[in-house]
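Participant: Sharing model-v4.txt, compact mmCIF, C-alpha atoms:
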# COMPACT_ATOMS: atom_id res chain seq x y z
CA MET A 1 -27.04 5.32 -1.78
CA GLU A 2 -25.78 7.73 0.89
CA ILE A 3 -23.69 6.05 3.59
CA TYR A 4 -23.07 8.20 6.65
CA LEU A 5 -20.13 6.97 8.74
CA ASP A 6 -19.22 10.11 10.68
CA ASN A 7 -21.46 9.54 13.68
CA SER A 8 -18.80 10.61 16.17
CA ALA A 9 -19.03 14.08 14.64
CA THR A 10 -22.82 14.14 14.79
CA THR A 11 -25.77 11.81 14.41
CA ARG A 12 -29.06 11.85 12.56
CA VAL A 13 -31.78 12.97 14.96
CA TYR A 14 -34.32 10.31 15.90
CA ASP A 15 -37.67 10.87 14.17
CA ASP A 16 -39.48 11.10 17.50
CA VAL A 17 -36.95 13.63 18.73
CA ALA A 18 -37.42 15.81 15.64
CA LYS A 19 -41.20 15.75 16.04
CA LEU A 20 -41.02 16.55 19.75
CA THR A 21 -38.51 19.35 19.21
CA LEU A 22 -40.76 20.90 16.55
CA GLN A 23 -43.72 20.67 18.92
CA MET A 24 -41.78 22.58 21.56
CA MET A 25 -40.98 25.33 19.04
CA THR A 26 -44.43 25.69 17.49
CA VAL A 27 -47.03 24.53 20.03
CA ASP A 28 -45.66 24.31 23.57
CA TYR A 29 -43.24 27.19 23.12
CA GLY A 30 -43.58 28.90 26.51
CA ASN A 31 -40.70 30.13 28.63
CA PRO A 32 -40.43 27.79 31.64
CA SER A 33 -39.67 30.81 33.85
CA SER A 34 -43.06 32.37 33.02
CA MET A 35 -45.81 31.95 35.60
CA HIS A 36 -48.72 31.60 33.16
CA HIS A 37 -50.05 28.34 31.68
CA LYS A 38 -47.71 28.30 28.69
CA GLY A 39 -44.74 28.61 31.01
CA VAL A 40 -46.02 25.93 33.37
CA VAL A 41 -46.48 23.51 30.46
CA ALA A 42 -42.92 24.14 29.24
CA GLU A 43 -41.58 23.71 32.76
CA GLN A 44 -43.33 20.34 33.03
CA PHE A 45 -41.75 19.17 29.77
CA VAL A 46 -38.32 20.19 31.09
CA LYS A 47 -38.97 18.33 34.35
CA GLU A 48 -39.96 15.15 32.52
CA ALA A 49 -36.89 15.34 30.26
CA THR A 50 -34.63 15.80 33.28
CA GLU A 51 -36.15 12.75 34.94
CA LYS A 52 -35.60 10.65 31.80
CA ILE A 53 -31.93 11.61 31.66
CA ALA A 54 -31.38 11.08 35.37
CA LYS A 55 -32.95 7.63 35.11
CA THR A 56 -30.33 6.51 32.56
CA LEU A 57 -27.64 7.36 35.13
CA LYS A 58 -29.52 6.22 38.23
CA ALA A 59 -29.00 9.79 39.38
CA LYS A 60 -31.17 12.48 40.94
CA PRO A 61 -32.84 15.01 38.60
CA LYS A 62 -31.22 17.85 40.57
CA GLU A 63 -27.81 16.45 39.59
CA ILE A 64 -28.44 17.32 35.91
CA LEU A 65 -27.25 20.74 34.71
CA PHE A 66 -28.23 21.61 31.13
CA THR A 67 -25.61 23.24 28.89
CA SER A 68 -25.12 24.00 25.21
CA GLY A 69 -23.18 20.76 24.69
CA GLY A 70 -20.02 18.86 25.51
CA THR A 71 -17.65 21.82 25.29
CA GLU A 72 -19.58 23.96 27.76
CA SER A 73 -20.06 20.99 30.07
CA ASP A 74 -16.30 20.31 30.03
CA ASN A 75 -15.46 23.98 30.59
CA THR A 76 -17.93 24.26 33.45
CA ALA A 77 -16.61 21.14 35.16
CA ILE A 78 -12.91 21.90 34.76
CA ILE A 79 -12.83 25.66 35.26
CA GLY A 80 -15.76 25.80 37.68
CA GLY A 81 -14.38 22.89 39.71
CA ALA A 82 -10.84 24.22 39.85
CA MET A 83 -11.88 27.74 40.79
CA ALA A 84 -14.17 26.48 43.55
CA HIS A 85 -11.35 24.52 45.20
CA HIS A 86 -8.24 26.57 44.44
CA ARG A 87 -7.61 27.25 48.12
CA GLU A 88 -7.20 23.49 48.70
CA GLY A 89 -4.62 23.09 45.96
CA LYS A 90 -3.75 24.02 42.40
CA HIS A 91 -2.76 20.68 40.91
CA LEU A 92 -4.88 19.06 38.19
CA ILE A 93 -4.49 15.78 36.29
CA THR A 94 -5.75 14.82 32.84
CA THR A 95 -4.60 12.70 29.89
CA SER A 96 -2.63 13.61 26.79
CA VAL A 97 -5.43 12.39 24.50
CA GLU A 98 -8.36 14.43 25.78
CA HIS A 99 -10.74 16.45 23.62
CA PRO A 100 -9.65 20.08 23.02
CA ALA A 101 -12.49 21.22 25.30
CA ILE A 102 -10.56 19.64 28.17
CA LEU A 103 -7.01 20.38 27.03
CA ASN A 104 -7.71 24.05 26.31
CA SER A 105 -9.52 24.47 29.62
CA MET A 106 -6.43 23.05 31.31
CA LYS A 107 -4.19 25.45 29.37
CA TYR A 108 -6.37 28.35 30.52
CA LEU A 109 -6.01 27.22 34.13
CA GLU A 110 -2.25 26.88 33.72
CA ASP A 111 -2.24 30.56 32.73
CA GLN A 112 -4.12 31.25 35.98
CA GLY A 113 -1.40 29.63 38.08
CA PHE A 114 -2.58 26.01 38.23
CA GLU A 115 -0.24 23.09 37.49
CA VAL A 116 -1.40 20.26 35.24
CA THR A 117 -0.01 16.72 34.91
CA TYR A 118 -0.76 15.07 31.55
CA LEU A 119 -0.85 11.27 31.67
CA GLY A 120 0.55 9.30 28.76
CA VAL A 121 -1.17 6.38 27.04
CA ASN A 122 -0.12 3.05 25.62
CA GLU A 123 -0.50 1.82 22.02
CA LYS A 124 -4.21 1.26 22.62
CA GLY A 125 -4.67 4.83 23.80
CA VAL A 126 -5.29 3.80 27.42
CA ILE A 127 -3.72 5.33 30.53
CA ASP A 128 -1.46 3.47 32.97
CA LEU A 129 -3.18 3.30 36.35
CA ASP A 130 0.14 3.25 38.18
CA GLU A 131 1.08 6.51 36.49
CA LEU A 132 -2.22 7.98 37.64
CA LYS A 133 -1.62 6.81 41.20
CA ASN A 134 1.89 8.25 41.25
CA ALA A 135 0.71 11.56 39.78
CA ILE A 136 -1.72 12.32 42.64
CA ARG A 137 -0.31 14.79 45.16
CA GLU A 138 -1.48 16.40 48.38
CA ASP A 139 -2.51 19.50 46.42
CA THR A 140 -4.37 17.61 43.66
CA ILE A 141 -7.94 18.90 43.47
CA LEU A 142 -9.32 17.56 40.18
CA VAL A 143 -8.75 14.69 37.74
CA SER A 144 -10.39 14.55 34.30
CA ILE A 145 -10.31 11.37 32.20
CA MET A 146 -12.44 10.76 29.11
CA ALA A 147 -14.66 7.69 28.91
CA VAL A 148 -14.01 6.95 25.22
CA ASN A 149 -11.39 8.58 23.01
CA ASN A 150 -13.10 10.42 20.17
CA GLU A 151 -10.43 9.52 17.60
CA LEU A 152 -9.51 5.92 18.46
CA GLY A 153 -12.47 4.52 20.37
CA SER A 154 -10.17 3.61 23.27
CA VAL A 155 -12.02 2.88 26.51
CA MET A 156 -10.51 4.23 29.71
CA PRO A 157 -10.59 2.23 32.99
CA LEU A 158 -12.93 4.61 34.80
CA GLU A 159 -13.91 2.36 37.68
CA GLU A 160 -10.30 1.58 38.60
CA ALA A 161 -9.32 5.23 38.16
CA GLY A 162 -12.15 6.37 40.40
CA LYS A 163 -11.05 4.01 43.15
CA ILE A 164 -7.44 5.18 42.95
CA ILE A 165 -8.42 8.86 42.99
CA HIS A 166 -10.76 8.68 45.95
CA ALA A 167 -8.54 6.30 47.90
CA ALA A 168 -5.81 8.92 47.67
CA ASN A 169 -8.16 11.74 48.69
CA PRO A 170 -11.98 11.56 48.74
CA LYS A 171 -12.15 15.33 48.17
CA ILE A 172 -10.51 15.17 44.73
CA LEU A 173 -13.09 15.84 42.02
CA PHE A 174 -13.24 13.13 39.34
CA HIS A 175 -14.61 14.43 36.04
CA VAL A 176 -15.36 12.28 33.01
CA ASP A 177 -15.91 13.52 29.47
CA ALA A 178 -18.51 10.96 28.37
CA VAL A 179 -19.44 12.62 25.07
CA GLN A 180 -18.42 9.49 23.11
CA GLY A 181 -19.27 7.05 25.90
CA TYR A 182 -22.81 7.96 26.92
CA GLY A 183 -25.24 5.90 24.87
CA LYS A 184 -22.50 3.39 23.99
CA GLN A 185 -21.73 2.31 27.57
CA MET A 186 -23.78 1.79 30.70
CA ILE A 187 -22.37 4.54 32.89
CA ILE A 188 -23.61 4.82 36.47
CA PRO A 189 -21.56 7.67 37.97
CA LYS A 190 -21.98 6.68 41.61
CA ASN A 191 -20.78 3.13 40.88
CA LEU A 192 -17.65 4.50 39.18
CA GLY A 193 -16.83 7.23 41.66
CA ILE A 194 -17.58 9.95 39.11
CA ASP A 195 -18.29 13.41 40.54
CA MET A 196 -18.98 15.21 37.25
CA MET A 197 -19.72 13.94 33.75
CA SER A 198 -20.18 15.71 30.41
CA VAL A 199 -22.63 14.62 27.69
CA SER A 200 -23.62 16.11 24.33
CA GLY A 201 -27.03 15.67 22.71
CA HIS A 202 -26.08 15.51 19.04
CA LYS A 203 -23.86 12.46 19.59
CA ILE A 204 -26.88 10.37 20.68
CA HIS A 205 -29.43 11.29 17.97
CA GLY A 206 -30.56 14.38 19.84
CA PRO A 207 -30.49 18.04 18.76
CA LYS A 208 -27.33 20.10 18.37
CA GLY A 209 -26.63 22.87 20.84
CA ILE A 210 -27.75 20.98 23.93
CA GLY A 211 -25.98 18.81 26.48
CA PHE A 212 -25.73 18.30 30.18
CA LEU A 213 -23.26 18.09 33.00
CA TYR A 214 -23.91 15.57 35.74
CA VAL A 215 -22.80 17.08 39.04
CA ARG A 216 -22.99 14.75 42.02
CA ASP A 217 -25.10 16.09 44.83
CA GLY A 218 -22.77 17.79 47.29
CA VAL A 219 -20.07 18.69 44.75
CA ARG A 220 -19.25 22.39 44.72
CA ILE A 221 -18.31 24.18 41.49
CA LEU A 222 -18.51 27.83 40.48
CA PRO A 223 -20.62 28.98 37.52
CA ILE A 224 -18.77 30.31 34.49
CA SER A 225 -21.71 32.43 33.27
CA TYR A 226 -23.97 34.81 35.15
CA GLY A 227 -27.41 36.22 34.59
CA GLY A 228 -30.97 35.63 35.70
CA GLY A 229 -30.20 32.75 38.05
CA GLN A 230 -31.77 29.87 36.12
CA GLN A 231 -30.74 26.33 37.11
CA GLY A 232 -29.96 27.42 40.64
CA GLY A 233 -27.65 30.13 39.35
CA MET A 234 -25.26 27.55 37.95
CA ARG A 235 -26.09 28.27 34.33
CA SER A 236 -28.09 31.43 33.81
CA GLY A 237 -30.05 32.09 30.66
CA THR A 238 -33.43 31.08 29.27
CA LEU A 239 -33.58 27.30 29.08
CA ASN A 240 -33.31 25.74 25.62
CA VAL A 241 -36.64 23.96 26.02
CA PRO A 242 -36.78 22.34 22.54
CA GLY A 243 -33.22 21.09 22.98
CA ILE A 244 -33.76 19.83 26.52
CA VAL A 245 -36.95 17.99 25.65
CA GLY A 246 -35.36 16.49 22.53
CA LEU A 247 -32.30 15.44 24.53
CA GLY A 248 -34.51 13.79 27.14
CA ARG A 249 -36.27 11.74 24.49
CA ALA A 250 -32.98 10.83 22.77
CA ALA A 251 -31.44 9.71 26.08
CA GLN A 252 -34.44 7.51 26.75
CA GLU A 253 -34.47 6.01 23.25
CA ILE A 254 -30.76 5.31 22.91
CA TYR A 255 -30.84 3.07 25.99
CA GLU A 256 -33.91 1.13 24.84
CA GLY A 257 -32.80 -2.33 23.66
CA PHE A 258 -29.28 -1.28 24.63
CA ASP A 259 -27.59 -4.71 24.70
CA GLU A 260 -28.87 -5.64 21.23
CA LYS A 261 -27.77 -2.31 19.77
CA ILE A 262 -24.25 -2.60 21.18
CA LYS A 263 -23.85 -6.20 20.00
CA ALA A 264 -24.92 -5.14 16.51
CA LEU A 265 -22.36 -2.33 16.50
CA TYR A 266 -19.54 -4.66 17.56
CA ASP A 267 -20.57 -7.09 14.80
CA LEU A 268 -20.38 -4.25 12.27
CA LYS A 269 -17.01 -3.14 13.61
CA LYS A 270 -15.61 -6.64 13.23
CA GLN A 271 -17.12 -6.89 9.73
CA LEU A 272 -15.47 -3.64 8.69
CA ILE A 273 -12.03 -4.42 10.11
CA SER A 274 -12.05 -7.95 8.65
CA GLY A 275 -13.16 -6.59 5.31
CA LEU A 276 -10.53 -3.87 5.13
CA THR A 277 -7.64 -6.07 6.23
CA GLY A 278 -8.78 -8.77 3.83
CA ALA A 279 -8.93 -6.38 0.90
CA LEU A 280 -5.92 -4.13 1.50
CA GLN A 281 -2.30 -4.36 2.60
CA ASP A 282 -0.35 -1.73 4.54
CA ILE A 283 -3.20 -0.44 6.64
CA ARG A 284 -3.29 -0.03 10.40
CA ILE A 285 -6.25 -0.25 12.75
CA ASN A 286 -5.40 2.16 15.56
CA GLY A 287 -6.31 1.53 19.17
CA LEU A 288 -5.71 -2.23 19.07
CA ASP A 289 -2.73 -3.97 20.63
CA THR A 290 -0.49 -4.96 17.73
CA SER A 291 2.76 -4.94 19.70
CA GLU A 292 3.16 -8.71 19.44
CA LYS A 293 1.18 -9.54 16.32
CA SER A 294 0.14 -7.72 13.15
CA ILE A 295 -3.57 -7.12 12.66
CA TYR A 296 -3.25 -9.31 9.57
CA ASP A 297 -2.27 -12.26 11.78
CA PHE A 298 -5.20 -11.96 14.21
CA SER A 299 -7.49 -14.95 14.33
CA GLU A 300 -11.23 -14.33 14.32
CA ASP A 301 -11.41 -14.92 18.07
CA GLU A 302 -8.43 -12.65 18.72
CA LEU A 303 -10.04 -9.86 16.73
CA THR A 304 -13.31 -10.30 18.62
CA GLU A 305 -11.47 -10.13 21.91
CA ALA A 306 -9.43 -7.10 20.86
CA ILE A 307 -12.35 -4.97 19.71
CA ALA A 308 -14.36 -5.89 22.81
CA GLU A 309 -11.89 -3.73 24.76
CA THR A 310 -12.74 -0.72 22.59
CA ALA A 311 -15.89 1.33 22.00
CA PRO A 312 -18.29 -0.33 19.58
CA HIS A 313 -18.77 2.56 17.14
CA ILE A 314 -15.35 4.07 16.31
CA ILE A 315 -12.68 2.67 13.96
CA SER A 316 -9.46 4.58 13.27
CA VAL A 317 -7.83 3.42 10.02
CA SER A 318 -4.43 4.51 8.73
CA VAL A 319 -3.81 3.82 5.04
CA LYS A 320 -0.16 3.96 4.10
CA GLY A 321 0.63 6.05 1.02
CA VAL A 322 -2.71 7.88 0.87
CA ARG A 323 -3.49 11.30 2.27
CA ALA A 324 -6.52 11.26 4.56
CA GLU A 325 -8.16 14.27 2.89
CA VAL A 326 -7.75 12.72 -0.56
CA LEU A 327 -9.28 9.44 0.60
CA LEU A 328 -12.10 11.27 2.36
CA HIS A 329 -13.09 13.15 -0.79
CA ALA A 330 -12.74 10.07 -2.99
CA LEU A 331 -15.18 8.28 -0.69
CA GLU A 332 -17.41 11.35 -0.67
CA ASP A 333 -17.66 11.07 -4.45
CA LYS A 334 -19.31 7.72 -3.79
CA GLU A 335 -21.58 9.30 -1.15
CA ILE A 336 -19.70 7.64 1.70
CA TYR A 337 -18.98 10.08 4.50
CA VAL A 338 -16.12 9.54 6.97
CA SER A 339 -13.84 11.91 8.89
CA ALA A 340 -10.18 12.77 8.59
CA GLY A 341 -9.60 12.47 12.34
CA SER A 342 -11.84 14.41 14.72
CA ALA A 343 -14.32 16.97 13.43
CA CYS A 344 -14.61 18.55 16.87
CA SER A 345 -11.51 20.72 16.91
CA SER A 346 -11.21 22.21 13.43
CA ASN A 347 -11.81 21.55 9.77
CA HIS A 348 -8.17 22.34 9.12
CA PRO A 349 -5.94 19.26 8.83
CA SER A 350 -3.11 18.89 11.32
CA VAL A 351 -1.12 16.12 12.91
CA SER A 352 -3.21 14.47 15.60
CA GLY A 353 -1.76 14.65 19.10
CA THR A 354 -3.58 11.42 19.87
CA LEU A 355 -1.85 9.56 17.04
CA LYS A 356 1.49 10.88 18.26
CA ALA A 357 0.65 9.80 21.79
CA ILE A 358 0.06 6.17 20.80
CA GLY A 359 3.37 6.09 18.95
CA ILE A 360 2.36 5.21 15.42
CA SER A 361 4.80 5.62 12.56
CA LYS A 362 5.09 9.07 10.96
CA ASP A 363 4.12 7.42 7.69
CA PHE A 364 0.58 7.21 9.03
CA TYR A 365 0.26 10.71 10.57
CA GLY A 366 -1.51 12.25 7.60
CA SER A 367 -3.13 9.05 6.37
CA THR A 368 -5.71 8.33 9.05
CA VAL A 369 -9.48 8.41 8.71
CA ARG A 370 -12.09 7.82 11.38
CA ILE A 371 -15.11 5.70 10.59
CA SER A 372 -17.88 5.95 13.16
CA MET A 373 -21.18 4.10 13.11
CA SER A 374 -24.54 4.33 14.81
CA GLU A 375 -27.46 2.00 15.42
CA LEU A 376 -28.76 3.14 12.01
CA THR A 377 -25.73 1.70 10.18
CA THR A 378 -26.39 -1.51 8.23
CA LYS A 379 -24.32 -4.53 7.15
CA GLU A 380 -24.97 -3.60 3.53
CA GLU A 381 -23.47 -0.17 4.10
CA ILE A 382 -20.35 -1.70 5.62
CA ASP A 383 -20.01 -4.11 2.67
CA THR A 384 -20.31 -1.21 0.23
CA THR A 385 -17.74 0.79 2.18
CA VAL A 386 -15.21 -2.06 2.14
CA LYS A 387 -15.67 -2.43 -1.64
CA ALA A 388 -15.16 1.30 -2.08
CA PHE A 389 -11.90 1.21 -0.09
CA ALA A 390 -10.72 -1.79 -2.10
CA GLU A 391 -11.36 0.11 -5.33
CA ILE A 392 -10.14 3.56 -4.31
CA VAL A 393 -6.99 2.91 -2.27
CA PRO A 394 -4.90 1.07 -4.94
CA MET A 395 -5.76 3.81 -7.44
CA LEU A 396 -4.79 6.59 -5.03
CA ARG A 397 -1.56 4.81 -4.15
CA GLN A 398 -0.65 4.70 -7.84
CA PHE A 399 -1.16 8.44 -8.18
CA SER A 400 0.82 9.17 -5.00
CA ARG A 401 3.87 7.32 -6.35
CA ARG A 402 4.04 9.48 -9.48
Take the structure from the file and write it as C-alpha cells.
Facilitator:
Amino acid sequence: MEIYLDNSATTRVYDDVAKLTLQMMTVDYGNPSSMHHKGVVAEQFVKEATEKIAKTLKAKPKEILFTSGGTESDNTAIIGGAMAHHREGKHLITTSVEHPAILNSMKYLEDQGFEVTYLGVNEKGVIDLDELKNAIREDTILVSIMAVNNELGSVMPLEEAGKIIHAANPKILFHVDAVQGYGKQMIIPKNLGIDMMSVSGHKIHGPKGIGFLYVRDGVRILPISYGGGQQGGMRSGTLNVPGIVGLGRAAQEIYEGFDEKIKALYDLKKQLISGLTGALQDIRINGLDTSEKSIYDFSEDELTEAIAETAPHIISVSVKGVRAEVLLHALEDKEIYVSAGSACSSNHPSVSGTLKAIGISKDFYGSTVRISMSELTTKEEIDTTVKAFAEIVPMLRQFSRR
C-alpha cells in the first residue's frame, strides 16, 4: 500500500480538476486573447475560475493575478512592490524562516541598494510582535511574513502583524506567502490587513505550474516580465488556461466542507505525534513549545492545545541518531513517502536555516524529516506509518552506532 505523506511538496490532483484540465487542453483549447468563438469560450472559463478563487478570499476578481506558482508570486510581490515604492524608502522587513522565494528576492534587492531586517523566531518558529513593531522605520516600504512555515507548520500572527504594520504607516505594503496556509486556513486578506498574498496551485490539489498573487485594489507594484500586455500588463504572456481553470476548481473544492476537513487533519496529526512518542524515545516534534516540558510529558489535552496553535497538516520530526536521508529511503522501501525537510529549495541535503532559527540541538540538524498530510490521508495510513517508524528507527540506530 502506497502512503504519500509529502503533501507540502505537492498534492495529488483532485479527480474533477484532472478531468477539467484535460478538457481545456483537448476540447476548449482556445487562446482567451483570440476574438473568435474558441477564444471567447476559453476567456469565459478563465473568468469563472477567477471568480471562484476571489470568492474564497472575499476579494474582487480583478485583485487576482495569475502566475506560474508560489515562487513567481513571491518574486512579483517583493521585487515589484519594492521597485514601485523605492522613492518612498528602501527598507524591507521579513522573517528568518521564510521560503527561499522570499529570502532570495530579498537578497537580490539588497544587491540593488535596499536594506532588509530579518526577524527572529521563538522555539515554535513564530515571530515576536514587539520585534516587528520596533523594526519598522520611517523608510520601511514593505513587510513580508509567511502564513505557515513550510518546514515546521508554525502559524504566524498575521492579524496582529497587519495591525502593527498599518498603524505605523498605512502605506507600508504587507505581503503574505500563503502557499502552505491557503486551503488550510480561512484567510480573508482585507480582514487581516494583507495587501498582497501568494498562493500555489499544486499545494491544494490543483495543477503544477499555476498560482496566483492577490493584489489589493489600489496597491501599486511594477511587473517583472513584459510582453503582450495580458492581465493588464502586470504579467504578460498567453494565459495558462488549463492551469487557471484547474486551479479555480481546486480552490473551490478545497474549501468545501472546510471545518470537517481541518478537524480530521488535526485528529490525524495528534494520532501521529502520540503514536511516534509512544513508540520511540529520543525524538523531537519541532514547532511545539517544549521549553518547560518534554513532549513525552504532555497530557492528551496539552498536546491537543499545542497542535491547535500550528497548521493541521505539517509535522516536523527529529530522530536522534538517524540521518534523515537514510530514514527517508528506509520508509520509501515500505512505500511510505516523506520529505527530508523542504522539497522546495533543492534536492541536495543541507542544514536547515529554519531548524537553526528555532534553536534545536545540533544533534538533530541532519536527523529531521517532514511529514505532511492532506484530506486524502487516512487513519490507517498513519497507523501503518507509526509501525514503520517503530520498526525502522531502532534498527537504523543500531547500524549508526557501529
Participant: Can you pull out the residues contacting region 327-329 of chain A? Cut-off 10 Å, using only C-alpha atoms, and skip same-chain residues under 4 positions away; I want them as an NGL selection string.
Facilitator: :A and (319 or 322-323 or 333-340 or 367-370 or 389 or 392-393 or 396)
Participant: Which residues, written as a list in words, have at least one atom at most 9 Å from Leu247 (chain A), with all atoms listed in the file counted and residues fewer than 2 positions away on the same chain left out?
Facilitator: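 Here the qualifying residues turn out to be Val17, Ala49, Ile53, Ser200, Gly201, His202, Ile204, His205, Gly206, Pro207, Ile210, Gly211, Pro242, Gly243, Ile244, Val245, Arg249, Ala250, Ala251 and Gln252 of chain A.
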Participant: Determine the nearest neighbour of Ile358 (chain A) from the options A:Asn122, A:Ala279, A:Ile172, A:Asp177, counting only C-alpha atoms.
Facilitator: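 For Ile358 (chain A), the nearest of the candidates is A:Asn122.
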Participant: Using all atoms listed in the file, pick whichever of A:Thr67, A:Asn104, A:Ser144, A:Gly246 has the shortest atom-to-atom distance to Glu48 (chain A).
Facilitator: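 Checking each candidate against Glu48 (chain A), we get A:Gly246 as the closest.
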Participant: My list of candidates is A:Thr21, A:Thr117, A:Ser316, A:Asn75. Which is closest to Ala101 (chain A) when distances are computed with all atoms listed in the file?
Facilitator: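 When distances to Ala101 (chain A) are compared using all atoms listed in the file, the smallest one comes from A:Asn75.
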Participant: Counting all atoms listed in the file, what is within 12 Å of Pro100 (chain A), bar same-chain residues fewer than 4 positions away, as a list in words?
Facilitator: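 Surrounding residues, per the criterion: Gly70, Thr71, Glu72, Asp74, Asn75, Thr94, Thr95, Ser96, Asn104, Ser105, Met106, Lys107, Tyr108, Met146, Asn149, Asn150, Glu151, Asp177, Ser342, Ala343, Cys344, Ser345, Ser346, Ser352, Gly353 and Thr354 of chain A.
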Participant: For C-alpha atoms, I'd like the residues from the last selection saved as a compact mmCIF listing (two decimals), in the coordinates of the input.
Facilitator:
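The result, stored in result-v7.txt:
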# COMPACT_ATOMS: atom_id res chain seq x y z
CA GLY A 70 -20.02 18.86 25.51
CA THR A 71 -17.65 21.82 25.29
CA GLU A 72 -19.58 23.96 27.76
CA ASP A 74 -16.30 20.31 30.03
CA ASN A 75 -15.46 23.98 30.59
CA THR A 94 -5.75 14.82 32.84
CA THR A 95 -4.60 12.70 29.89
CA SER A 96 -2.63 13.61 26.79
CA ASN A 104 -7.71 24.05 26.31
CA SER A 105 -9.52 24.47 29.62
CA MET A 106 -6.43 23.05 31.31
CA LYS A 107 -4.19 25.45 29.37
CA TYR A 108 -6.37 28.35 30.52
CA MET A 146 -12.44 10.76 29.11
CA ASN A 149 -11.39 8.58 23.01
CA ASN A 150 -13.10 10.42 20.17
CA GLU A 151 -10.43 9.52 17.60
CA ASP A 177 -15.91 13.52 29.47
CA SER A 342 -11.84 14.41 14.72
CA ALA A 343 -14.32 16.97 13.43
CA CYS A 344 -14.61 18.55 16.87
CA SER A 345 -11.51 20.72 16.91
CA SER A 346 -11.21 22.21 13.43
CA SER A 352 -3.21 14.47 15.60
CA GLY A 353 -1.76 14.65 19.10
CA THR A 354 -3.58 11.42 19.87
Participant: Skipping near chain neighbours, those fewer than 3 positions away, what residues fall within 6 Å of Lys124 (chain A) using all atoms listed in the file, listed as a PDB file with C-alpha atoms, in the frame of the given file?
Facilitator:
ATOM      1  CA  GLY A 287      -6.310   1.530  19.170  1.00  0.00           C
ATOM      2  CA  LEU A 288      -5.710  -2.230  19.070  1.00  0.00           C
ATOM      3  CA  ASP A 289      -2.730  -3.970  20.630  1.00  0.00           C
TER       4      ASP A 289
END
Participant: For CA of Val121 (chain A) and CA of Met196 (chain A), determine how far apart the two atoms are, in Å to one decimal place.
Facilitator: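 According to the coordinates, CA of Val121 (chain A) and CA of Met196 (chain A) are separated by 22.3 Å.
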Participant: Please indicate the distance in Å from CA of Ala161 (chain A) to CA of Thr76 (chain A), rounded to one decimal place.
Facilitator: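 CA of Thr76 (chain A) lies 21.4 Å from CA of Ala161 (chain A).
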Participant: Write out as number ranges by chain the residues lying within 12 Å of region 229-236 of chain A, counting only C-alpha atoms and excluding same-chain residues fewer than 5 positions away.
Facilitator: A: 31-34, 43, 46-47, 50, 61-68, 72-73, 76-77, 80-81, 212-213, 215, 220-224
Participant: One decimal, Å: what's the distance from CA of Glu305 (chain A) over to CA of Lys263 (chain A), could you say?
Facilitator: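 The value is 13.1 Å.
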Participant: Pick from A:Leu20, A:Leu331, A:Met156, A:Val241: nearest to Ala42 (chain A), with only C-alpha atoms counted?
Facilitator: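 Using only C-alpha atoms, the shortest distance to Ala42 (chain A) belongs to A:Val241.
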Participant: A:Pro170, A:Gly193, A:Gly120, A:Gly181: which is nearest Ala357 (chain A), counting only C-alpha atoms?
Facilitator: A:Gly120
Participant: Give the answer as one residue: which of A:Leu192, A:Met197, A:Ile127, A:Leu5 has the shortest atom-to-atom distance to Ile78 (chain A), using all atoms listed in the file?
Facilitator: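 Nearest candidate to Ile78 (chain A) out of A:Leu192, A:Met197, A:Ile127, A:Leu5: A:Met197.
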Participant: Since the input is missing atoms, can you rebuild N, CA and C atoms for region 142-154 of chain A and write them as an mmCIF file, in the frame of the given file?
Facilitator:
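The new file out.cif reads:
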data_model
loop_
_atom_site.group_PDB
_atom_site.id
_atom_site.type_symbol
_atom_site.label_atom_id
_atom_site.label_comp_id
_atom_site.auth_asym_id
_atom_site.auth_seq_id
_atom_site.Cartn_x
_atom_site.Cartn_y
_atom_site.Cartn_z
ATOM 1 N N LEU A 142 -8.408 18.007 41.244
ATOM 2 C CA LEU A 142 -9.320 17.560 40.180
ATOM 3 C C LEU A 142 -8.583 16.655 39.196
ATOM 4 N N VAL A 143 -9.255 15.594 38.770
ATOM 5 C CA VAL A 143 -8.750 14.690 37.740
ATOM 6 C C VAL A 143 -9.823 14.561 36.666
ATOM 7 N N SER A 144 -9.439 14.695 35.406
ATOM 8 C CA SER A 144 -10.390 14.550 34.300
ATOM 9 C C SER A 144 -9.876 13.502 33.317
ATOM 10 N N ILE A 145 -10.664 12.456 33.116
ATOM 11 C CA ILE A 145 -10.310 11.370 32.200
ATOM 12 C C ILE A 145 -11.512 11.063 31.322
ATOM 13 N N MET A 146 -11.322 11.032 30.016
ATOM 14 C CA MET A 146 -12.440 10.760 29.110
ATOM 15 C C MET A 146 -12.883 9.308 29.206
ATOM 16 N N ALA A 147 -14.139 9.052 28.894
ATOM 17 C CA ALA A 147 -14.660 7.690 28.910
ATOM 18 C C ALA A 147 -14.202 6.926 27.671
ATOM 19 N N VAL A 148 -14.368 7.556 26.500
ATOM 20 C CA VAL A 148 -14.010 6.950 25.220
ATOM 21 C C VAL A 148 -13.288 7.999 24.391
ATOM 22 N N ASN A 149 -12.130 7.634 23.841
ATOM 23 C CA ASN A 149 -11.390 8.580 23.010
ATOM 24 C C ASN A 149 -12.128 8.808 21.699
ATOM 25 N N ASN A 150 -12.302 10.071 21.340
ATOM 26 C CA ASN A 150 -13.100 10.420 20.170
ATOM 27 C C ASN A 150 -12.422 10.112 18.846
ATOM 28 N N GLU A 151 -11.125 9.862 18.843
ATOM 29 C CA GLU A 151 -10.430 9.520 17.600
ATOM 30 C C GLU A 151 -10.224 8.019 17.439
ATOM 31 N N LEU A 152 -9.894 7.340 18.530
ATOM 32 C CA LEU A 152 -9.510 5.920 18.460
ATOM 33 C C LEU A 152 -10.617 4.971 18.894
ATOM 34 N N GLY A 153 -11.503 5.437 19.768
ATOM 35 C CA GLY A 153 -12.470 4.520 20.370
ATOM 36 C C GLY A 153 -11.901 3.778 21.563
ATOM 37 N N SER A 154 -10.757 4.230 22.079
ATOM 38 C CA SER A 154 -10.170 3.610 23.270
ATOM 39 C C SER A 154 -11.081 3.828 24.466
#
